[in-house]
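Here is the file coords06.cif (mmCIF, C-alpha atoms).
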data_my_file
#
loop_
_atom_site.label_atom_id
_atom_site.label_comp_id
_atom_site.auth_asym_id
_atom_site.auth_seq_id
_atom_site.Cartn_x
_atom_site.Cartn_y
_atom_site.Cartn_z
CA MET A 1 48.51 -21.74 89.04
CA PRO A 2 47.97 -18.07 88.21
CA ALA A 3 50.73 -16.24 86.39
CA LEU A 4 52.36 -13.52 88.48
CA PRO A 5 51.39 -10.20 86.93
CA LEU A 6 54.38 -7.98 86.37
CA ASP A 7 52.32 -4.87 85.73
CA LYS A 8 51.84 -2.01 88.18
CA ALA A 9 49.77 -4.14 90.60
CA GLY A 10 52.50 -6.77 90.77
CA ILE A 11 55.08 -4.13 91.65
CA TYR A 12 52.98 -2.80 94.53
CA VAL A 13 52.36 -6.30 95.87
CA ALA A 14 56.06 -7.14 95.59
CA ALA A 15 56.96 -3.86 97.32
CA ALA A 16 54.65 -4.61 100.26
CA TYR A 17 56.04 -8.12 100.76
CA VAL A 18 59.64 -6.93 100.35
CA VAL A 19 59.10 -4.19 102.98
CA PHE A 20 57.81 -6.82 105.41
CA LEU A 21 60.67 -9.20 104.64
CA VAL A 22 63.29 -6.47 105.07
CA LEU A 23 61.73 -5.43 108.39
CA VAL A 24 61.78 -8.98 109.77
CA VAL A 25 65.29 -9.75 108.46
CA ALA A 26 66.64 -6.47 109.87
CA TYR A 27 65.03 -7.17 113.24
CA VAL A 28 66.36 -10.74 113.39
CA SER A 29 69.87 -9.69 112.33
CA ILE A 30 69.98 -6.93 114.96
CA MET A 31 68.82 -9.44 117.59
CA ALA A 32 71.42 -11.96 116.41
CA ARG A 33 74.15 -9.32 116.73
CA HIS A 34 72.99 -8.51 120.26
CA VAL A 35 72.93 -12.20 121.17
CA ALA A 36 76.49 -12.60 119.86
CA ARG A 37 77.63 -9.63 121.95
CA VAL A 38 75.93 -10.99 125.08
CA ARG A 39 77.53 -14.39 124.51
CA ARG A 40 80.94 -12.74 124.13
CA ASP A 41 80.43 -10.79 127.37
CA LEU A 42 79.30 -13.94 129.15
CA ALA A 43 82.33 -15.87 127.89
CA GLN A 44 84.60 -13.07 129.04
CA LEU A 45 83.03 -13.02 132.49
CA THR A 46 83.29 -16.81 132.72
CA ASP A 47 86.99 -16.69 131.74
CA ASP A 48 87.64 -14.05 134.38
CA ARG A 49 85.98 -16.25 136.96
CA GLU A 50 88.19 -19.26 136.24
CA PRO A 51 90.58 -19.96 139.14
CA ARG A 52 94.11 -18.90 138.35
CA MET B 53 65.42 -22.20 126.01
CA ALA B 54 67.42 -21.71 122.82
CA SER B 55 66.09 -25.02 121.54
CA ILE B 56 62.47 -23.90 122.06
CA ASN B 57 63.28 -20.68 120.21
CA LYS B 58 64.79 -22.57 117.30
CA HIS B 59 61.78 -24.89 117.06
CA LEU B 60 59.34 -22.00 117.31
CA GLY B 61 61.29 -20.07 114.69
CA ALA B 62 61.32 -23.06 112.35
CA VAL B 63 57.57 -23.67 112.83
CA ALA B 64 56.86 -19.97 112.21
CA ALA B 65 58.99 -19.94 109.06
CA ALA B 66 57.28 -23.09 107.75
CA ALA B 67 53.82 -21.71 108.54
CA LEU B 68 54.65 -18.42 106.81
CA GLY B 69 55.95 -20.29 103.77
CA LEU B 70 52.80 -22.41 103.58
CA ALA B 71 50.42 -19.50 104.17
CA TYR B 72 52.01 -17.18 101.62
CA GLY B 73 52.31 -20.04 99.15
CA LEU B 74 48.53 -20.38 99.41
CA VAL B 75 48.15 -16.62 98.96
CA PHE B 76 49.81 -16.68 95.56
CA PHE B 77 48.95 -20.15 94.28
CA TYR B 78 45.60 -21.07 95.86
CA ALA B 79 43.55 -18.03 96.85
CA PRO B 80 41.73 -16.52 93.89
CA ASN B 81 42.22 -12.94 92.78
CA GLU B 82 39.59 -10.64 94.20
CA ALA B 83 37.03 -9.54 91.61
CA ASP B 84 37.17 -5.83 92.37
CA GLN B 85 40.84 -5.10 93.13
CA GLY B 86 42.49 -7.97 91.35
CA PHE B 87 46.06 -8.91 92.20
CA VAL B 88 46.63 -5.89 94.47
CA GLN B 89 44.31 -7.47 97.05
CA LYS B 90 47.09 -9.98 97.84
CA ILE B 91 48.50 -7.28 100.15
CA PHE B 92 45.43 -7.91 102.32
CA TYR B 93 46.89 -11.27 103.45
CA LEU B 94 49.95 -9.49 104.78
CA HIS B 95 48.62 -6.16 105.96
CA VAL B 96 45.55 -7.30 107.93
CA PRO B 97 47.15 -10.19 109.91
CA LEU B 98 50.12 -7.92 110.65
CA GLY B 99 47.76 -5.22 111.93
CA ILE B 100 45.76 -7.63 114.07
CA VAL B 101 48.87 -9.22 115.59
CA THR B 102 50.38 -5.79 116.26
CA LEU B 103 47.31 -4.50 118.09
CA CYS B 104 47.02 -7.78 120.04
CA GLY B 105 50.72 -7.42 120.94
CA PHE B 106 50.08 -3.95 122.34
CA MET B 107 47.20 -5.30 124.42
CA ALA B 108 49.29 -8.28 125.57
CA GLY B 109 51.94 -5.78 126.69
CA GLY B 110 49.25 -4.07 128.77
CA VAL B 111 48.12 -7.35 130.35
CA MET B 112 51.75 -8.18 131.23
CA GLY B 113 52.15 -4.68 132.65
CA LEU B 114 49.09 -5.27 134.81
CA LYS B 115 50.62 -8.54 136.00
CA PHE B 116 53.73 -6.63 137.07
CA LEU B 117 51.70 -4.00 138.90
CA ARG B 118 49.83 -6.74 140.77
CA THR B 119 52.75 -9.03 141.58
CA GLY B 120 55.82 -6.80 141.48
CA ASP B 121 57.65 -9.52 139.54
CA ARG B 122 60.17 -7.77 137.26
CA ARG B 123 59.92 -10.52 134.65
CA TRP B 124 56.44 -9.28 133.72
CA ASP B 125 57.81 -5.80 133.14
CA VAL B 126 60.47 -7.18 130.79
CA ARG B 127 57.87 -9.28 128.95
CA SER B 128 55.64 -6.22 128.60
CA TYR B 129 58.55 -4.13 127.33
CA VAL B 130 59.50 -6.74 124.71
CA ALA B 131 55.88 -7.16 123.53
CA ILE B 132 55.46 -3.40 123.06
CA HIS B 133 58.86 -2.99 121.42
CA LEU B 134 58.14 -5.76 118.92
CA SER B 135 54.62 -4.47 118.23
CA LEU B 136 56.01 -1.02 117.58
CA ILE B 137 58.39 -2.41 114.96
CA LEU B 138 55.61 -4.42 113.32
CA ALA B 139 53.39 -1.32 113.38
CA VAL B 140 55.93 0.32 111.05
CA GLY B 141 55.28 -2.62 108.70
CA VAL B 142 51.52 -2.14 109.01
CA LEU B 143 51.82 1.53 108.12
CA ALA B 144 54.20 0.85 105.22
CA THR B 145 52.20 -2.01 103.69
CA GLY B 146 48.96 -0.07 104.21
CA SER B 147 50.39 2.94 102.44
CA ILE B 148 51.53 0.82 99.50
CA TRP B 149 48.09 -0.79 99.27
CA ALA B 150 46.41 2.62 99.50
CA ARG B 151 48.57 3.95 96.69
CA ALA B 152 47.77 0.94 94.52
CA SER B 153 44.02 0.95 95.25
CA TRP B 154 43.09 4.56 95.87
CA GLY B 155 45.93 6.43 94.17
CA HIS B 156 47.06 8.07 97.45
CA TRP B 157 49.74 7.05 99.93
CA TRP B 158 47.66 8.36 102.84
CA VAL B 159 44.06 9.54 103.29
CA TRP B 160 43.68 11.81 106.31
CA SER B 161 39.87 11.64 106.27
CA GLU B 162 39.84 7.88 106.79
CA PRO B 163 39.27 6.99 110.50
CA MET B 164 40.96 3.57 110.26
CA LEU B 165 44.26 5.02 109.05
CA VAL B 166 44.33 7.98 111.40
CA SER B 167 43.34 5.90 114.43
CA PHE B 168 46.13 3.42 113.78
CA LEU B 169 48.57 6.30 113.40
CA ILE B 170 47.39 7.70 116.76
CA VAL B 171 47.96 4.31 118.43
CA PHE B 172 51.41 4.10 116.82
CA LEU B 173 52.38 7.59 117.97
CA LEU B 174 51.03 6.87 121.45
CA TYR B 175 53.29 3.83 121.75
CA CYS B 176 56.21 5.80 120.34
CA CYS B 177 56.13 7.66 123.69
CA TYR B 178 56.66 4.42 125.63
CA GLN B 179 60.41 4.12 125.22
CA PRO B 180 61.27 7.79 125.88
CA LEU B 181 59.11 7.60 129.00
CA ARG B 182 60.71 4.37 130.14
CA PHE B 183 64.31 5.40 129.60
CA SER B 184 63.88 8.88 131.03
CA ILE B 185 63.61 7.33 134.50
CA ASP B 186 66.84 6.07 136.08
CA ASP B 187 65.52 4.28 139.13
CA PRO B 188 64.68 0.71 137.96
CA ASP B 189 61.65 0.30 140.24
CA ARG B 190 60.12 3.62 139.29
CA GLN B 191 60.94 2.94 135.65
CA ALA B 192 59.13 -0.40 135.69
CA ARG B 193 56.10 1.03 137.51
CA ALA B 194 55.77 4.01 135.17
CA ALA B 195 56.27 1.90 132.03
CA CYS B 196 53.73 -0.70 133.13
CA THR B 197 51.19 1.95 134.08
CA PHE B 198 51.62 3.47 130.63
CA ALA B 199 51.30 0.01 129.03
CA VAL B 200 48.04 -0.69 130.88
CA VAL B 201 46.45 2.67 130.06
CA ALA B 202 47.54 2.57 126.42
CA ALA B 203 46.37 -1.03 126.03
CA ALA B 204 42.93 -0.05 127.33
CA PHE B 205 42.88 2.64 124.66
CA VAL B 206 43.45 0.14 121.81
CA PRO B 207 40.08 -1.73 121.88
CA PHE B 208 38.19 1.53 122.52
CA ASN B 209 39.90 3.01 119.51
CA PHE B 210 39.10 -0.06 117.42
CA ALA B 211 35.42 0.00 118.46
CA ALA B 212 35.13 3.72 117.72
CA VAL B 213 36.54 3.19 114.25
CA ARG B 214 34.15 0.30 113.61
CA MET B 215 31.24 2.55 114.51
CA ALA B 216 32.47 5.43 112.36
CA ASN B 217 31.43 5.69 108.75
CA ALA B 218 34.05 4.24 106.46
CA VAL B 219 35.27 6.61 103.81
CA THR B 220 37.45 4.39 101.70
CA HIS B 221 39.02 1.73 103.93
CA PRO B 222 36.97 -1.52 103.80
CA ARG B 223 35.67 -3.15 107.00
CA VAL B 224 36.74 -6.68 106.29
CA LEU B 225 35.93 -8.62 109.44
CA GLY B 226 32.27 -8.07 110.17
CA ALA B 227 30.10 -9.85 112.73
CA THR B 228 29.00 -12.23 109.99
CA GLY B 229 32.58 -13.25 109.23
CA GLY B 230 32.94 -11.05 106.21
CA SER B 231 32.01 -11.87 102.67
CA MET B 232 35.14 -13.83 101.75
CA PRO B 233 34.73 -17.11 99.93
CA GLY B 234 36.00 -20.25 101.67
CA SER B 235 39.39 -20.41 99.94
CA MET B 236 40.14 -16.78 100.76
CA ARG B 237 39.01 -17.16 104.35
CA LEU B 238 41.10 -20.30 104.85
CA THR B 239 44.15 -18.56 103.41
CA PHE B 240 43.55 -15.50 105.54
CA LEU B 241 43.20 -17.57 108.73
CA LEU B 242 46.41 -19.44 107.93
CA CYS B 243 48.20 -16.13 107.36
CA LEU B 244 46.89 -14.88 110.70
CA GLY B 245 48.09 -18.05 112.44
CA ALA B 246 51.50 -17.85 110.77
CA MET B 247 51.87 -14.19 111.71
CA THR B 248 50.99 -15.02 115.31
CA LEU B 249 53.66 -17.72 115.35
CA LEU B 250 56.17 -15.28 113.91
CA TYR B 251 55.31 -12.76 116.61
CA LEU B 252 55.71 -15.38 119.33
CA ALA B 253 59.06 -16.55 117.91
CA LEU B 254 60.43 -13.00 117.72
CA TRP B 255 59.06 -12.19 121.18
CA ARG B 256 60.80 -15.23 122.66
CA LEU B 257 64.03 -14.36 120.85
CA GLU B 258 64.13 -10.81 122.14
CA LEU B 259 62.96 -11.83 125.61
CA ASP B 260 65.77 -14.37 125.97
CA ARG B 261 68.30 -11.88 124.66
CA LYS B 262 67.11 -9.23 127.10
CA THR B 263 67.01 -11.63 130.07
CA VAL B 264 70.54 -12.91 129.47
CA ALA B 265 71.83 -9.37 128.89
CA MET B 266 70.33 -8.27 132.21
CA GLN B 267 71.94 -11.24 133.97
CA VAL B 268 75.32 -10.41 132.43
CA ARG B 269 74.97 -6.79 133.48
CA ALA B 270 74.06 -7.80 137.03
CA LEU B 271 77.00 -10.22 137.17
CA ARG B 272 79.39 -7.58 135.93
CA ARG B 273 78.06 -5.05 138.44
CA SER B 274 78.50 -7.54 141.26
CA ARG B 275 82.15 -8.09 140.29
CA GLU B 276 83.06 -4.46 140.03
CA PRO B 277 85.23 -3.29 142.93
CA ARG B 278 83.15 -1.42 145.43
CA PRO B 279 84.32 2.06 146.41
CA GLU B 280 86.28 1.71 149.62
CA ARG B 281 85.07 3.44 152.72
CA LEU B 282 87.04 6.45 153.75
CA ALA B 283 89.53 5.44 156.39
CA GLU B 284 89.17 6.88 159.83
CA PRO B 285 91.64 9.69 160.31
CA ALA B 286 94.59 8.60 162.42
CA ILE B 287 94.52 11.83 164.33
CA PRO B 288 91.07 12.95 165.39
CA ILE B 289 90.26 16.30 163.94
CA SER B 290 89.80 18.59 166.82
CA ARG B 291 87.09 21.13 166.85
CA PRO B 292 88.17 24.68 166.32
CA PRO B 293 88.26 26.55 169.58
CA ALA B 294 85.11 28.36 170.33
CA VAL B 295 85.36 32.04 169.87
CA VAL B 296 84.83 33.67 173.15
CA ALA B 297 82.82 36.75 172.87
CA GLY B 298 84.57 39.86 173.95
CA ARG B 299 88.11 38.87 172.92
#

Output the file's structure in the form of structure tokens.
Amino acid sequence: MPALPLDKAGIYVAAAYVVFLVLVVAYVSIMARHVARVRRDLAQLTDDREPR
Amino acid sequence: MASINKHLGAVAAAALGLAYGLVFFYAPNEADQGFVQKIFYLHVPLGIVTLCGFMAGGVMGLKFLRTGDRRWDVRSYVAIHLSLILAVGVLATGSIWARASWGHWWVWSEPMLVSFLIVFLLYCCYQPLRFSIDDPDRQARAACTFAVVAAAFVPFNFAAVRMANAVTHPRVLGATGGSMPGSMRLTFLLCLGAMTLLYLALWRLELDRKTVAMQVRALRRSREPRPERLAEPAIPISRPPAVVAGR
């Protein structure tokens, strides 16, 4: 198992992978927030539809 | 649907974990660049998947134009939207790699970099075009036409760059399969597969979100009270008397 170099090269590699990770996590969290909002709207519409 | 998404997401996450584990603990360091070359396993699969996503968006757009089925328009929109976000990642990781390898964040004389930037900027016009049209049918037609034309541009652009003389950017995937040793090639192919799975999982996630949101919007619109018709006047409005000439 190669040792992870913590010199300049290691920092650039880490930066590239962190950028990718942040992008994916941000995208997924925004989508999750939208899904939660849609679910809330759907629940509200369903409640309104219930016979009184 | 949500169950498929969860499974696909889990498979994509496992594949990414395996592939990037191999990158750091199995694939050897490249002789020329050393450890910095590990960015290759992220940057190149991301670029390939992004460009394929743009082309898939075009194919879906073509499907809409042929069938008129709005679901293809939504699929095309989601594919292009996701590819645009991943393209930001391609540009960012490429810039970091360029800085580490060449000492510059960006090289304007390199055809590969500039061509990708042109494709990115081209697709940046997609959303403003789409959302500048209010009528849903016209919006879908215009967006899909754009998607088809832009998708046709992607392989042409790629071929032109392959034919151009490279300045600094390496041409990794040649007709002979490149000059990677077996362990590197295996790792690269696994990274490409994992990235494809990630793309599919995110595409499904956004597509489901968008589809349900559209259904909710349609449901809400259908339940809104319609504007009542103006009631007929109880007393008919009589015409004004005609002006008789000469009076």

Open item on the list: Please determine, counting all atoms listed in the file, which residue among A:Ala26, A:Ile11, A:Ala16, A:Ala32 has the shortest atom-to-atom distance to chain B.
Closed with: A:Ala16

TODO: Hey, list the chain A side of the contact with chain B: 8 Å cut-off, all atoms listed in the file, answer as a ChimeraX atom specification.
DONE: /A:1-2,5,9-10,12-13,15-17,19-20,23,28,31,34-35,38,41-42,45

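Interatomic distance, CA of Asp125 (chain B) against CA of Gly113 (chain B): 5.8 Å.
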
Give, as lines of an AutoDock Vina configuration file, the centre coordinates and the x, y and z edge lengths in Å to one decimal for an axis-aligned box around all listed atoms of region 194-208 of chain B, padded by 5 Å on each side.
center_x = 47.2
center_y = 1.1
center_z = 128.5
size_x = 28.1
size_y = 15.7
size_z = 23.4

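If you look at CA of Trp154 (chain B) and CA of Asp7 (chain A), they are 16.6 Å away from each other.
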
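The environment of Val130 (chain B) within 8 Å, counting all atoms listed in the file and disregarding residues fewer than 2 places along the same chain, consists of Gly109, Val126, Arg127, Ser128, Ile132, His133, Leu134, Trp255, Glu258 and Leu259 of chain B.
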
Please save C-alpha atoms of the selected residues as a compact mmCIF listing (two decimals), in the frame of the given file.
# COMPACT_ATOMS: atom_id res chain seq x y z
CA GLY B 109 51.94 -5.78 126.69
CA VAL B 126 60.47 -7.18 130.79
CA ARG B 127 57.87 -9.28 128.95
CA SER B 128 55.64 -6.22 128.60
CA ILE B 132 55.46 -3.40 123.06
CA HIS B 133 58.86 -2.99 121.42
CA LEU B 134 58.14 -5.76 118.92
CA TRP B 255 59.06 -12.19 121.18
CA GLU B 258 64.13 -10.81 122.14
CA LEU B 259 62.96 -11.83 125.61

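By only C-alpha atoms, and with residues fewer than 4 positions from Ala212 (chain B) along its chain excluded, the set lying at most 12 Å from it is B:Pro163, B:Met164, B:Val166, B:Ser167, B:Phe168, B:Phe205, B:Val206, B:Pro207, B:Phe208, B:Ala216, B:Asn217, B:Ala218.
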
- [ ] Please measure the separation of CA of Ala131 (chain B) and CA of Val101 (chain B), giving the value in Å to one decimal.
- [x] 10.8 Å

Open item on the list: Suppose a student applies the PyMOL selection byres ((chain B and resi 64) around 6) to this structure; what residues should they get, written as a PyMOL selection string?
Closed with: chain B and resi 61-63+65-67+246+249-250

Task: Who sits within 12 Å of Pro233 (chain B), only C-alpha atoms, same chain under 3 positions skipped, as a PyMOL selection string - done: chain B and resi 79-83+229-230+236-240

Task: Spatial neighbours of Met112 (chain B), 12 Å, all atoms listed in the file, chain gap at least 3 places, as JSON, numbers by chain - done: {"B": [105, 106, 107, 108, 109, 115, 116, 117, 118, 119, 120, 121, 122, 123, 124, 125, 126, 127, 128, 129, 130, 131, 132, 192, 193, 195, 196, 197, 198, 199, 200, 203]}
